[in-house]
Amino acid sequence: MSRNTKINLLLLVVVAALAVLPLALGLGDHKEQPFTGSDGEAETAITEIEPDYEPWFSPLYEPPSGEIESALFSLQAALGAGVLAYYFGLRRGRRQGEERALERLGGAKSAAGRVAEESPAERS
Amino acid sequence: MHIAEGFLPPAHAVAWGVASAPFVVHGVRSLTREVKEHPESTLLLGASGAFTFVLSALKLPSVTGSCSHPTGTGLGAILFRPPIMAVLGTITLLFQALLLAHGGLTTLGANVFSMAIVGPWAGYAIYKLLRRYDVPLMVAVFFGAFLADLSTYCVTSVQLALAFPDPSSGFLGALGKFGSIFAVTQIPLAVSEGLLTVLVMRLLVQSSKGELTRLGVLLAKKQSRTESEAVAR
């Protein structure tokens, strides 16, 4: 495994640890309902400060159940992850294609050195 | 940071909408100019928007015992400057407001102001400042993304405290209350966002050097310096 890959994996592990630790350490135990959304807690705080406040507009569409809502959230994450994966896959494929094309050129012509010199300029 | 639908009084909702609109309009212009002048950047623009999509869908547990989500706006702000993120952030917020009943149309202006305007600008500013003092790229990227995330939630706290000052302790009392809900919860998540943004930036440096040089994230000058260093060794 290259050093780059190791650092990338380490970054992911730290992020995962940051997410898991609050759960593992039971940091939500002091609450009636642990790990609710902070957006919802803000709504509660608003009604504490101003008990008479009535939301004057309601969402045009509301997911009918928690399952549908989580499905839509997953869809959002999946869309984003798909586009990101497409981007990096395309980049990697292009680079490998370029390298292969250069190798072929290098084998065919004695002027390979010149081509290889020109390629970084082409890439940028 | 999503203020729920109908949870800002009409006057506040309109005011934040008016404040946000010029930034979004300006952002749309920057975005169309960028795409017209550099069609090759469309792909990376899409990837920046996609990063915001993923991160703002990830609800993570935090030390306060509640859950919140990162914003993902720092990456695009560093790559393409903040105006572009005003557009990409607004698209994300609209998606969530319309399909997920998360945030809302009446609070869109306020949410855009915190997540798509102040966050990207704050992150970009600290990134630029650190780079000016020759701080290594990845350290500057980390703090850029960290601050873009955290400042978004601080703005949300201010917005709510302005709309709902505490009857006894006033604006500051309410700010403390909302701040303890949002800002404190957000600190570890902002660290996570910083690390994830560094990860994506590392992958970009490995895969898209030419693009990053054109955008000014990597300096052509710096590359030749490291090359000459390599030769010197």
# chains A, B, ... in the order shown; residues from 1 in each chain; ligands from 1
>>> closest_atom_pairs(of="chain A", to="chain B", cutoff="8 Å", atoms="only C-alpha atoms", output="tab-separated table")
residue	atom	partner	partner_atom	distance
A:Asn8	CA	B:Leu199	CA	6.0
A:Leu11	CA	B:Leu195	CA	6.2
A:Leu12	CA	B:Leu196	CA	7.3
A:Val14	CA	B:Ser192	CA	7.9
A:Val15	CA	B:Ser192	CA	5.2
A:Leu18	CA	B:Pro188	CA	7.0
A:Ala19	CA	B:Pro61	CA	5.8
A:Val20	CA	B:Pro61	CA	7.6
A:Pro22	CA	B:Val63	CA	5.3
A:Leu23	CA	B:Pro61	CA	7.0
A:Gly26	CA	B:Gly65	CA	8.0
A:Leu27	CA	B:Gly65	CA	5.1
A:Gly28	CA	B:Gly65	CA	3.7
A:Asp29	CA	B:Gly65	CA	7.4
A:His30	CA	B:Gly65	CA	7.9
A:Lys31	CA	B:Gly65	CA	7.4
A:Pro34	CA	B:Gly65	CA	5.8
A:Phe35	CA	B:Ser66	CA	3.8
A:Thr36	CA	B:Ser66	CA	5.0
A:Gly37	CA	B:Cys67	CA	4.6
A:Ser38	CA	B:Ser68	CA	5.7
A:Asp39	CA	B:His2	CA	6.0
A:Glu41	CA	B:Ile181	CA	7.0
A:Ala42	CA	B:Phe178	CA	6.6
A:Glu43	CA	B:Ala4	CA	7.5
A:Ala45	CA	B:Phe178	CA	7.5
A:Ile46	CA	B:Phe164	CA	6.8
A:Ile49	CA	B:Asp166	CA	5.8
A:Glu50	CA	B:Phe164	CA	7.2
A:Glu54	CA	B:Phe7	CA	7.8
A:Pro55	CA	B:Gly6	CA	4.4
A:Trp56	CA	B:Gly6	CA	4.9
A:Phe57	CA	B:Gly6	CA	4.4
A:Ser58	CA	B:Glu5	CA	5.8
A:Pro59	CA	B:Ala101	CA	5.7
A:Leu60	CA	B:Leu98	CA	7.0
A:Tyr61	CA	B:Ala101	CA	6.4
A:Glu62	CA	B:Ala101	CA	5.2
A:Pro63	CA	B:Leu100	CA	6.3
A:Glu69	CA	B:Leu100	CA	6.2
A:Leu72	CA	B:Leu100	CA	6.7
A:Phe73	CA	B:Ala57	CA	5.8
A:Ser74	CA	B:Ala57	CA	7.3
A:Gln76	CA	B:Phe53	CA	6.2
A:Ala77	CA	B:Val54	CA	4.2
A:Ala78	CA	B:Val54	CA	7.2
A:Leu79	CA	B:Ala50	CA	7.2
A:Gly80	CA	B:Ala50	CA	4.0
A:Ala81	CA	B:Val54	CA	6.2
A:Val83	CA	B:Ala50	CA	6.1
A:Leu84	CA	B:Ala47	CA	5.2
A:Tyr87	CA	B:Ala47	CA	6.5
A:Phe88	CA	B:Ser207	CA	7.3
A:Arg91	CA	B:Ser207	CA	6.1
A:Arg92	CA	B:Ser207	CA	6.5
A:Arg95	CA	B:Ser207	CA	7.9
A:Arg123	CA	B:Gly210	CA	6.4
A:Ser124	CA	B:Gly210	CA	4.2
>>> residues_around(residues="B:Ala116", least_positions_apart="6", cutoff="8 Å", atoms="only C-alpha atoms", output="list in words")
Thr73, Met85, Ala86, Val87, Leu88, Gly89 and Thr90 of chain B
>>> atom_distance(atom1="atom CA of B:Gly109", atom2="atom CA of B:Val18")
7.4 Å
>>> select_by_dssp(residues="stretch 10-78 of chain A", states="helix (DSSP H, G or I)", output="short mmCIF file (atom, residue, chain, number, x, y, z; two decimals) with C-alpha atoms, in the first residue's frame")
data_model
loop_
_atom_site.label_atom_id
_atom_site.label_comp_id
_atom_site.auth_asym_id
_atom_site.auth_seq_id
_atom_site.Cartn_x
_atom_site.Cartn_y
_atom_site.Cartn_z
CA LEU A 10 -6.29 7.10 8.08
CA LEU A 11 -8.41 10.20 7.34
CA LEU A 12 -11.46 7.98 6.82
CA VAL A 13 -10.78 6.06 10.03
CA VAL A 14 -10.56 9.28 12.07
CA VAL A 15 -13.85 10.53 10.59
CA ALA A 16 -15.50 7.20 11.38
CA ALA A 17 -14.10 7.32 14.93
CA LEU A 18 -15.46 10.85 15.43
CA ALA A 19 -18.89 9.58 14.42
CA VAL A 20 -18.81 6.38 16.47
CA LEU A 21 -17.28 7.72 19.71
CA PRO A 22 -20.31 9.76 20.85
CA LEU A 23 -22.42 6.62 20.42
CA ALA A 24 -19.92 4.27 22.05
CA SER A 38 -30.30 19.60 16.25
CA ASP A 39 -32.75 21.23 13.81
CA GLY A 40 -35.62 19.66 15.74
CA GLU A 41 -34.11 20.73 19.06
CA ALA A 42 -34.04 24.30 17.80
CA GLU A 43 -37.78 24.06 17.06
CA THR A 44 -38.34 22.93 20.64
CA ALA A 45 -36.22 25.81 21.92
CA ILE A 46 -38.29 28.26 19.88
CA THR A 47 -41.52 27.00 21.41
CA GLU A 48 -39.90 27.26 24.87
CA ILE A 49 -39.00 30.90 24.30
CA GLY A 66 -39.63 8.05 8.57
CA GLU A 67 -38.78 5.28 6.13
CA ILE A 68 -39.64 7.40 3.09
CA GLU A 69 -37.71 10.29 4.55
CA SER A 70 -34.60 8.18 5.11
CA ALA A 71 -35.01 6.78 1.60
CA LEU A 72 -34.95 10.30 0.18
CA PHE A 73 -31.93 11.21 2.30
CA SER A 74 -30.14 8.10 1.03
CA LEU A 75 -31.08 9.10 -2.50
CA GLN A 76 -29.49 12.50 -1.93
CA ALA A 77 -26.28 10.94 -0.62
CA ALA A 78 -26.24 8.32 -3.37
#
>>> select_by_dssp(residues="stretch 52-208 of chain B", states="strand (DSSP E)", output="number ranges by chain")
B: 60-61, 67-68
>>> write_last_selection(atoms="N, CA, C and O atoms", output="short mmCIF file (atom, residue, chain, number, x, y, z; two decimals), in the first residue's frame")
data_model
loop_
_atom_site.label_atom_id
_atom_site.label_comp_id
_atom_site.auth_asym_id
_atom_site.auth_seq_id
_atom_site.Cartn_x
_atom_site.Cartn_y
_atom_site.Cartn_z
N LEU B 60 -24.73 13.02 11.45
CA LEU B 60 -23.78 12.33 12.30
C LEU B 60 -24.03 12.65 13.77
O LEU B 60 -24.41 13.77 14.11
N PRO B 61 -23.80 11.66 14.64
CA PRO B 61 -23.94 11.93 16.08
C PRO B 61 -22.79 12.80 16.57
O PRO B 61 -21.70 12.78 16.01
N CYS B 67 -27.78 14.93 16.89
CA CYS B 67 -27.22 14.68 15.56
C CYS B 67 -27.27 15.95 14.74
O CYS B 67 -28.18 16.76 14.88
N SER B 68 -26.29 16.11 13.87
CA SER B 68 -26.35 17.21 12.93
C SER B 68 -25.59 16.78 11.68
O SER B 68 -25.10 15.66 11.61
#
>>> residues_around(residues="B:Val155", least_positions_apart="5", cutoff="9 Å", atoms="only C-alpha atoms", output="CSV table (one decimal) with N, CA, C and O atoms, in the first residue's frame")
chain,number,residue,atom,x,y,z
B,1,MET,N,-28.7,23.2,10.7
B,1,MET,CA,-28.8,24.6,10.4
B,1,MET,C,-30.0,24.9,9.6
B,1,MET,O,-30.3,26.0,9.3
B,113,PHE,N,-28.5,32.1,3.3
B,113,PHE,CA,-27.6,33.1,3.8
B,113,PHE,C,-26.5,32.4,4.7
B,113,PHE,O,-25.3,32.7,4.6
B,114,SER,N,-26.9,31.4,5.5
B,114,SER,CA,-26.0,30.8,6.4
B,114,SER,C,-25.1,29.8,5.7
B,114,SER,O,-23.9,29.8,5.8
B,115,MET,N,-25.7,28.9,4.9
B,115,MET,CA,-25.0,27.7,4.4
B,115,MET,C,-24.3,28.1,3.1
B,115,MET,O,-23.2,27.6,2.8
B,118,VAL,N,-22.5,32.9,3.9
B,118,VAL,CA,-21.5,33.1,4.9
B,118,VAL,C,-20.5,32.0,5.1
B,118,VAL,O,-19.3,32.2,5.2
B,119,GLY,N,-21.0,30.8,5.1
B,119,GLY,CA,-20.1,29.6,5.2
B,119,GLY,C,-19.0,29.6,4.2
B,119,GLY,O,-17.8,29.6,4.6
B,150,LEU,N,-18.6,25.5,10.5
B,150,LEU,CA,-19.0,26.0,11.9
B,150,LEU,C,-19.6,27.4,11.8
B,150,LEU,O,-20.6,27.6,12.5
B,160,LEU,N,-31.8,32.8,14.5
B,160,LEU,CA,-32.9,32.4,15.4
B,160,LEU,C,-33.0,33.3,16.6
B,160,LEU,O,-34.1,33.6,17.1
>>> closest_residue(among="B:Ser41, B:Trp16, B:Gly27, B:Asp149", to="B:Gly123", atoms="only C-alpha atoms")
B:Asp149
